[in-house]
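Reproduced below: structure05.cif, with mmCIF, C-alpha atoms.
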data_query
#
loop_
_atom_site.label_atom_id
_atom_site.label_comp_id
_atom_site.auth_asym_id
_atom_site.auth_seq_id
_atom_site.Cartn_x
_atom_site.Cartn_y
_atom_site.Cartn_z
CA MET T 1 133.57 0.44 85.11
CA MET T 2 132.92 0.33 81.38
CA ASN T 3 135.33 2.46 79.37
CA LEU T 4 133.47 4.69 76.90
CA GLY T 5 136.62 5.86 75.16
CA GLN T 6 136.39 6.15 71.38
CA SER T 7 139.39 3.82 70.89
CA THR T 8 138.02 1.05 73.11
CA TYR T 9 135.18 0.01 70.78
CA HIS T 10 134.79 0.33 67.02
CA CYS T 11 131.39 2.02 67.40
CA SER T 12 128.43 2.28 69.78
CA ILE T 13 126.93 -0.91 68.32
CA CYS T 14 130.09 -2.80 69.31
CA LEU T 15 130.03 -1.12 72.72
CA VAL T 16 126.47 -2.26 73.48
CA ARG T 17 127.16 -5.70 72.00
CA GLU T 18 129.92 -6.16 74.60
CA ASN T 19 128.03 -4.38 77.41
CA PRO T 20 124.29 -5.30 77.36
CA VAL T 21 121.95 -2.74 78.90
CA GLU T 22 121.01 -5.02 81.79
CA THR T 23 124.62 -4.84 83.00
CA LEU T 24 124.71 -1.02 83.00
CA SER T 25 123.58 1.57 85.51
CA GLY T 26 121.14 4.30 84.52
CA THR T 27 124.00 6.78 84.37
CA MET T 28 125.99 4.57 82.01
CA ILE T 29 122.94 3.99 79.78
CA ALA T 30 122.51 7.75 79.50
CA LYS T 31 126.18 8.13 78.55
CA VAL T 32 125.90 5.44 75.87
CA ILE T 33 122.87 7.16 74.36
CA GLU T 34 124.55 10.55 74.58
CA ARG T 35 127.37 9.23 72.36
CA GLY T 36 124.80 9.05 69.58
CA ARG T 37 123.84 6.37 67.08
CA PRO T 38 126.53 5.23 64.65
CA THR T 39 125.73 6.12 61.02
CA PRO T 40 128.55 4.77 58.80
CA PRO T 41 128.11 4.78 54.98
CA LEU T 42 128.26 0.94 54.67
CA PRO T 43 129.43 0.82 51.01
CA LEU T 44 129.70 -2.98 51.18
CA LEU T 45 126.07 -3.49 52.21
CA ALA T 46 124.46 -4.71 48.98
CA LYS T 47 121.94 -7.29 47.80
CA GLU T 48 121.57 -8.94 44.38
CA CYS T 49 117.91 -8.86 43.32
CA ARG T 50 115.77 -9.94 40.38
CA TYR T 51 112.78 -8.10 38.94
CA LYS T 52 110.92 -8.97 35.73
CA GLY T 53 113.82 -11.07 34.48
CA LYS T 54 116.46 -8.43 35.17
CA VAL T 55 119.24 -8.78 37.74
CA PHE T 56 120.42 -5.75 39.67
CA THR T 57 122.25 -4.85 42.85
CA ARG T 58 120.56 -2.85 45.57
CA ARG T 59 122.85 -0.77 47.77
CA PHE T 60 122.10 1.08 51.00
CA LYS T 61 121.90 4.88 50.80
CA SER T 62 123.25 6.91 53.73
CA GLU T 63 120.42 9.42 53.29
CA ASN T 64 118.20 6.93 55.11
CA TYR T 65 119.92 7.88 58.38
CA MET T 66 118.32 11.30 58.01
CA ARG T 67 114.99 9.84 56.95
CA TYR T 68 114.76 7.47 59.94
CA ASN T 69 116.26 9.00 63.08
CA TRP T 70 116.34 5.63 64.87
CA LEU T 71 118.37 3.89 62.13
CA SER T 72 122.00 3.01 62.80
CA GLY T 73 124.68 0.79 61.30
CA CYS T 74 127.90 -1.04 62.06
CA GLU T 75 130.77 -1.37 59.58
CA LEU T 76 132.24 -4.42 61.31
CA GLU T 77 128.97 -6.35 61.12
CA ASN T 78 127.99 -4.67 57.82
CA LYS T 79 124.39 -4.47 59.00
CA LEU T 80 121.70 -1.97 59.96
CA PHE T 81 120.04 -1.73 63.36
CA CYS T 82 117.26 0.10 65.16
CA TRP T 83 119.36 2.04 67.67
CA PRO T 84 116.82 2.22 70.57
CA CYS T 85 115.83 -1.43 70.06
CA PHE T 86 119.47 -2.51 69.95
CA VAL T 87 120.16 -0.70 73.22
CA PHE T 88 117.14 -2.09 75.08
CA SER T 89 116.41 -5.45 73.41
CA SER T 90 118.07 -8.76 74.29
CA ASP T 91 116.01 -11.15 72.14
CA PRO T 92 118.41 -13.06 69.81
CA SER T 93 115.57 -13.52 67.30
CA ASP T 94 114.99 -9.76 66.95
CA THR T 95 116.34 -8.70 63.55
CA TRP T 96 116.43 -4.92 63.99
CA GLY T 97 117.21 -5.01 67.71
CA TYR T 98 119.80 -7.79 67.90
CA LYS T 99 120.82 -9.72 64.77
CA GLY T 100 121.00 -6.77 62.40
CA PHE T 101 119.28 -6.17 59.05
CA ASP T 102 120.87 -6.67 55.63
CA GLY T 103 117.90 -7.71 53.46
CA LEU T 104 117.87 -4.71 51.15
CA SER T 105 115.48 -6.35 48.69
CA ASN T 106 112.60 -5.38 50.99
CA PHE T 107 114.06 -2.52 53.01
CA SER T 108 111.09 -0.11 53.02
CA ASN T 109 108.52 -2.71 54.03
CA SER T 110 110.73 -4.03 56.81
CA VAL T 111 111.34 -0.51 58.14
CA LYS T 112 107.64 0.40 58.12
CA THR T 113 106.65 -2.89 59.75
CA HIS T 114 109.26 -2.41 62.48
CA MET T 115 108.13 1.15 63.19
CA ASN T 116 104.61 -0.11 63.97
CA GLN T 117 105.63 -2.90 66.34
CA GLU T 118 104.78 -2.48 70.01
CA LEU T 119 108.25 -3.55 71.15
CA HIS T 120 109.80 -0.80 69.02
CA LEU T 121 107.48 1.79 70.56
CA LEU T 122 108.33 0.59 74.07
CA ASN T 123 112.05 0.76 73.35
CA VAL T 124 111.73 4.24 71.85
CA GLU T 125 109.95 5.39 74.99
CA LYS T 126 112.67 3.90 77.19
CA TYR T 127 115.29 5.53 74.98
CA ASN T 128 113.64 8.94 75.26
CA CYS T 129 113.75 8.65 79.06
CA TYR T 130 117.56 8.69 78.89
CA ALA T 131 118.19 10.73 75.75
CA PRO T 132 118.87 14.47 75.72
CA LYS T 133 116.12 16.46 74.03
CA GLU T 134 118.02 16.84 70.75
CA LYS T 135 118.41 13.05 70.44
CA ALA T 136 114.79 12.13 71.23
CA ILE T 137 113.14 9.75 68.71
CA LEU T 138 109.78 10.52 67.14
CA VAL T 139 106.81 8.15 67.12
CA THR T 140 103.93 8.21 64.62
CA PRO T 141 100.54 9.12 66.17
CA ASP T 142 98.65 6.17 64.64
CA THR T 143 100.90 3.59 66.28
CA ALA T 144 101.35 5.61 69.46
CA GLY T 145 97.59 5.82 69.97
CA HIS T 146 97.21 2.04 69.68
CA HIS T 147 100.14 1.55 71.98
CA LEU T 148 98.85 3.72 74.83
CA GLY T 149 96.41 1.08 76.04
CA ASN T 150 99.07 -1.61 76.43
CA ARG T 151 102.43 0.02 77.10
CA ARG T 152 104.22 0.24 80.40
CA ARG T 153 104.39 3.83 81.63
CA PHE T 154 107.64 5.49 82.46
CA ASP T 155 108.01 8.44 84.81
CA ALA T 156 110.40 10.33 82.55
CA ALA T 157 109.21 12.33 79.55
CA ALA T 158 106.29 11.61 77.25
CA THR T 159 106.64 10.26 73.72
CA LEU T 160 107.01 12.84 70.96
CA VAL T 161 104.70 12.76 67.94
CA ALA T 162 105.59 13.08 64.25
CA PRO T 163 103.50 13.04 61.02
CA PRO T 164 102.03 9.62 60.17
CA VAL T 165 103.90 7.16 57.97
CA GLU T 166 101.98 5.02 55.48
CA THR T 167 102.18 1.30 56.25
CA MET T 168 102.94 -1.01 53.30
CA THR T 169 101.19 -4.38 53.22
CA VAL T 170 102.61 -5.75 49.96
CA GLU T 171 106.14 -6.30 48.75
CA ASP T 172 107.68 -2.97 47.84
CA GLU T 173 109.09 -3.68 44.38
CA ASP T 174 109.77 0.02 43.80
CA ASP T 175 111.75 0.54 46.98
CA ASP T 176 113.13 4.09 46.81
CA ASP T 177 115.29 3.81 49.92
CA CYS T 178 118.17 2.01 48.22
CA GLU T 179 120.38 2.69 45.25
CA ILE T 180 119.74 0.44 42.23
CA ILE T 181 122.72 -0.72 40.16
CA PRO T 182 122.10 -3.11 37.21
CA HIS T 183 124.42 -5.98 36.33
CA SER T 184 126.38 -6.14 33.09
CA GLU T 185 129.68 -7.71 32.11
CA VAL T 186 131.32 -5.18 34.43
CA LEU T 187 129.39 -3.63 37.32
CA VAL T 188 129.32 0.11 36.63
CA GLU T 189 127.54 2.81 38.59
CA LEU T 190 126.08 5.55 36.40
CA ILE T 191 124.74 8.89 37.53
CA GLU T 192 122.00 9.12 34.91
CA GLY T 193 119.97 6.57 32.97
CA ASP T 194 116.81 4.51 32.97
CA ASP T 195 115.51 2.42 35.84
CA PRO T 196 116.81 -1.17 35.34
CA ARG T 197 113.42 -2.51 36.36
CA GLU T 198 111.78 -1.02 33.26
CA PRO T 199 111.93 -2.76 29.82
CA ASP T 200 114.82 -1.97 27.47
CA SER T 201 116.92 -0.39 30.17
CA ASP T 202 120.69 -0.78 30.42
CA ALA T 203 121.68 1.90 32.93
CA SER T 204 120.98 2.88 36.51
CA ILE T 205 119.89 5.90 38.46
CA LYS T 206 120.40 7.09 41.97
CA MET T 207 117.00 7.03 43.65
#

Just give me the structure of the file as structure tokens.
Amino acid sequence: MMNLGQSTYHCSICLVRENPVETLSGTMIAKVIERGRPTPPLPLLAKECRYKGKVFTRRFKSENYMRYNWLSGCELENKLFCWPCFVFSSDPSDTWGYKGFDGLSNFSNSVKTHMNQELHLLNVEKYNCYAPKEKAILVTPDTAGHHLGNRRRFDAAATLVAPPVETMTVEDEDDDDCEIIPHSEVLVELIEGDDPREPDSDASIKM
């Protein structure tokens, strides 16, 4: 039987990576989900970006774990994942559900696109069948309504509904989900200053 001890695996992402859901019983799936999604700070997750001739580094902000209650991360892989999709997906081409996401230059758009995908909605519904009430994942009503005509129905609990989230269709240059740090001779993080994406700016801000 799979050992769910804290010392056996680095985190729940590593646990599921070594024990795919199709190899687990319903009881074991429920225990994995009950452990909760891993939400490490990931200080090394960063991406060098360019905007209007300026070069800056975009870093992941841990506050996003509160903003998106399906978001998880793994320090060993230094990547972000959709926790319900990672548990229930087995497609090697699935970024959020298998490979992991580290493209911070377009984080917000990727998140909003993923939240509206039918596979994500299906996996959230499967997840909610096993999750305790306090760990249930919310679904936006606009996508849930579209999904009702196509989704497989599960006997356990109905999908919960949250306020709608605006869908972005263009590249989100002003992504406010990540911390922006400009480049200089020495990379320095400042608490106050101007946005590096604006003209005549030499400092950074926490967004």

Self-check item: CA of Ser89 in chain T to CA of Asn19 in chain T, straight-line distance in Å
Solution: 12.3 Å

Exercise. Determine the residue set returned by the PyMOL selection byres ((chain T and resi 20) around 12) for the present structure, and present it as a PyMOL selection string.
Key: chain T and resi 2+12-19+21-25+28-29+32+85-91+97-98

Quiz item: Expressed in Å to a single decimal, how great is the separation between CA of Thr39 in chain T and CA of Asn64 in chain T?
Solution: 9.6 Å

Quiz item: Hey, can you check how far CA of Leu119 in chain T sits from CA of Val139 in chain T?
Solution: 12.5 Å

Practice problem: Report as number ranges by chain the residues that result from applying the PyMOL selection byres ((chain T and resi 30) around 12) to the structure here. | Solution: T: 4, 21, 24-29, 31-36, 84, 87, 126-132, 135

Quiz prompt | Reference answer for the PyMOL selection byres ((chain T and resi 62) around 8), as a list in words | solution =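 What the PyMOL selection byres ((chain T and resi 62) around 8) grabs from the file is Thr39, Pro40, Pro41, Leu42, Phe60, Lys61, Glu63, Asn64, Tyr65 and Met66 of chain T.
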
Self-check item: Surrounding residues of Ser105 in chain T excluding itself and chain neighbours under 4 positions, 7 Å, all atoms listed in the file, as a PyMOL selection string
Solution: chain T and resi 47+49+58

Quiz prompt | Best match for closeness to Asp102 in chain T among T:Val55, T:Leu80, T:Ala136, T:Met115, counting only C-alpha atoms | solution =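 Using only C-alpha atoms, the shortest distance to Asp102 in chain T belongs to T:Leu80.
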
Quiz item: Which residue out of T:Cys11, T:Pro38, T:Trp83, T:Asn69 has the minimum interatomic distance to Glu134 in chain T when all atoms listed in the file are used?
Solution: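 Nearest to Glu134 in chain T: T:Asn69.
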
Quiz item: Quick one: of T:Trp70, T:Arg37, T:Glu75, T:Ile137, who's nearest to His114 in chain T, counting all atoms listed in the file?
Solution: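 Using all atoms listed in the file, His114 in chain T sits closest to T:Trp70.
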
Quiz prompt | Nearest residue to Gly100 in chain T from the set T:Asn123, T:Thr8, T:Asn78, T:Thr57 (distances using all atoms listed in the file) | solution =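 Using all atoms listed in the file, the shortest distance to Gly100 in chain T belongs to T:Asn78.
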
Taking the block above, write range 23-124 of chain T with C-alpha atoms as a JSON list (two decimals), in the first residue's frame.
[["chain", "number", "residue", "atom", "x", "y", "z"],
["T", 23, "THR", "CA", -3.19, 3.12, -9.62],
["T", 24, "LEU", "CA", -5.00, 4.28, -6.46],
["T", 25, "SER", "CA", -8.23, 3.19, -4.82],
["T", 26, "GLY", "CA", -10.98, 5.70, -4.09],
["T", 27, "THR", "CA", -9.99, 5.68, -0.43],
["T", 28, "MET", "CA", -6.37, 6.48, -1.25],
["T", 29, "ILE", "CA", -7.39, 9.27, -3.65],
["T", 30, "ALA", "CA", -9.46, 10.83, -0.86],
["T", 31, "LYS", "CA", -6.47, 10.61, 1.50],
["T", 32, "VAL", "CA", -4.17, 12.28, -1.05],
["T", 33, "ILE", "CA", -6.64, 15.13, -1.51],
["T", 34, "GLU", "CA", -7.15, 15.44, 2.23],
["T", 35, "ARG", "CA", -3.41, 16.12, 2.62],
["T", 36, "GLY", "CA", -4.03, 19.37, 0.78],
["T", 37, "ARG", "CA", -2.33, 21.10, -2.13],
["T", 38, "PRO", "CA", 1.32, 22.06, -1.69],
["T", 39, "THR", "CA", 1.87, 25.84, -1.69],
["T", 40, "PRO", "CA", 5.62, 26.51, -1.33],
["T", 41, "PRO", "CA", 6.97, 30.07, -1.85],
["T", 42, "LEU", "CA", 9.12, 29.12, -4.91],
["T", 43, "PRO", "CA", 11.65, 31.99, -4.60],
["T", 44, "LEU", "CA", 13.66, 30.58, -7.52],
["T", 45, "LEU", "CA", 10.73, 30.66, -9.95],
["T", 46, "ALA", "CA", 11.54, 33.69, -12.12],
["T", 47, "LYS", "CA", 11.44, 34.76, -15.76],
["T", 48, "GLU", "CA", 13.48, 37.43, -17.57],
["T", 49, "CYS", "CA", 11.15, 39.58, -19.69],
["T", 50, "ARG", "CA", 11.37, 42.57, -22.03],
["T", 51, "TYR", "CA", 8.84, 45.37, -22.37],
["T", 52, "LYS", "CA", 9.28, 48.58, -24.38],
["T", 53, "GLY", "CA", 13.04, 48.12, -24.51],
["T", 54, "LYS", "CA", 13.42, 47.48, -20.78],
["T", 55, "VAL", "CA", 14.55, 44.18, -19.27],
["T", 56, "PHE", "CA", 13.10, 43.01, -15.99],
["T", 57, "THR", "CA", 12.64, 39.84, -13.96],
["T", 58, "ARG", "CA", 9.19, 38.57, -13.11],
["T", 59, "ARG", "CA", 8.92, 36.51, -9.93],
["T", 60, "PHE", "CA", 6.02, 34.43, -8.63],
["T", 61, "LYS", "CA", 4.09, 35.84, -5.67],
["T", 62, "SER", "CA", 2.81, 33.41, -3.02],
["T", 63, "GLU", "CA", -0.37, 35.49, -2.65],
["T", 64, "ASN", "CA", -1.59, 33.79, -5.82],
["T", 65, "TYR", "CA", -2.20, 30.61, -3.82],
["T", 66, "MET", "CA", -4.93, 32.51, -1.98],
["T", 67, "ARG", "CA", -6.25, 34.08, -5.17],
["T", 68, "TYR", "CA", -6.56, 30.73, -7.01],
["T", 69, "ASN", "CA", -7.57, 27.91, -4.67],
["T", 70, "TRP", "CA", -6.62, 25.25, -7.23],
["T", 71, "LEU", "CA", -3.04, 26.52, -7.67],
["T", 72, "SER", "CA", -0.18, 24.48, -6.24],
["T", 73, "GLY", "CA", 3.59, 24.28, -6.61],
["T", 74, "CYS", "CA", 6.58, 22.01, -6.18],
["T", 75, "GLU", "CA", 9.98, 23.21, -4.98],
["T", 76, "LEU", "CA", 11.83, 20.25, -6.48],
["T", 77, "GLU", "CA", 10.42, 20.87, -9.95],
["T", 78, "ASN", "CA", 10.30, 24.66, -9.39],
["T", 79, "LYS", "CA", 6.98, 24.81, -11.23],
["T", 80, "LEU", "CA", 3.31, 25.58, -10.68],
["T", 81, "PHE", "CA", 0.44, 23.14, -11.19],
["T", 82, "CYS", "CA", -3.34, 22.99, -11.17],
["T", 83, "TRP", "CA", -3.81, 20.66, -8.20],
["T", 84, "PRO", "CA", -7.08, 18.94, -9.31],
["T", 85, "CYS", "CA", -5.80, 18.58, -12.88],
["T", 86, "PHE", "CA", -2.48, 17.18, -11.67],
["T", 87, "VAL", "CA", -4.30, 14.59, -9.56],
["T", 88, "PHE", "CA", -6.69, 13.46, -12.29],
["T", 89, "SER", "CA", -4.84, 14.15, -15.57],
["T", 90, "SER", "CA", -2.35, 11.81, -17.24],
["T", 91, "ASP", "CA", -1.77, 13.66, -20.53],
["T", 92, "PRO", "CA", 1.99, 14.39, -20.86],
["T", 93, "SER", "CA", 1.18, 17.41, -23.07],
["T", 94, "ASP", "CA", -0.95, 19.07, -20.37],
["T", 95, "THR", "CA", 1.03, 22.00, -18.97],
["T", 96, "TRP", "CA", -0.96, 22.75, -15.82],
["T", 97, "GLY", "CA", -1.97, 19.14, -15.17],
["T", 98, "TYR", "CA", 1.27, 17.28, -15.91],
["T", 99, "LYS", "CA", 4.36, 19.16, -17.13],
["T", 100, "GLY", "CA", 4.08, 22.14, -14.80],
["T", 101, "PHE", "CA", 3.96, 25.88, -15.56],
["T", 102, "ASP", "CA", 6.90, 28.28, -15.30],
["T", 103, "GLY", "CA", 6.13, 30.85, -18.02],
["T", 104, "LEU", "CA", 5.64, 33.85, -15.76],
["T", 105, "SER", "CA", 5.74, 36.32, -18.66],
["T", 106, "ASN", "CA", 2.09, 35.48, -19.37],
["T", 107, "PHE", "CA", 0.88, 34.08, -16.05],
["T", 108, "SER", "CA", -2.54, 35.77, -15.80],
["T", 109, "ASN", "CA", -3.63, 34.89, -19.33],
["T", 110, "SER", "CA", -2.54, 31.28, -18.92],
["T", 111, "VAL", "CA", -4.41, 30.98, -15.61],
["T", 112, "LYS", "CA", -7.62, 32.46, -17.01],
["T", 113, "THR", "CA", -7.46, 30.30, -20.13],
["T", 114, "HIS", "CA", -6.93, 27.17, -18.04],
["T", 115, "MET", "CA", -9.85, 27.99, -15.73],
["T", 116, "ASN", "CA", -12.21, 28.03, -18.74],
["T", 117, "GLN", "CA", -11.10, 24.72, -20.24],
["T", 118, "GLU", "CA", -13.56, 21.83, -20.12],
["T", 119, "LEU", "CA", -10.92, 19.38, -18.90],
["T", 120, "HIS", "CA", -10.18, 21.63, -15.92],
["T", 121, "LEU", "CA", -13.88, 21.79, -15.05],
["T", 122, "LEU", "CA", -14.19, 18.01, -15.28],
["T", 123, "ASN", "CA", -11.16, 17.52, -13.04],
["T", 124, "VAL", "CA", -12.46, 20.04, -10.50]]
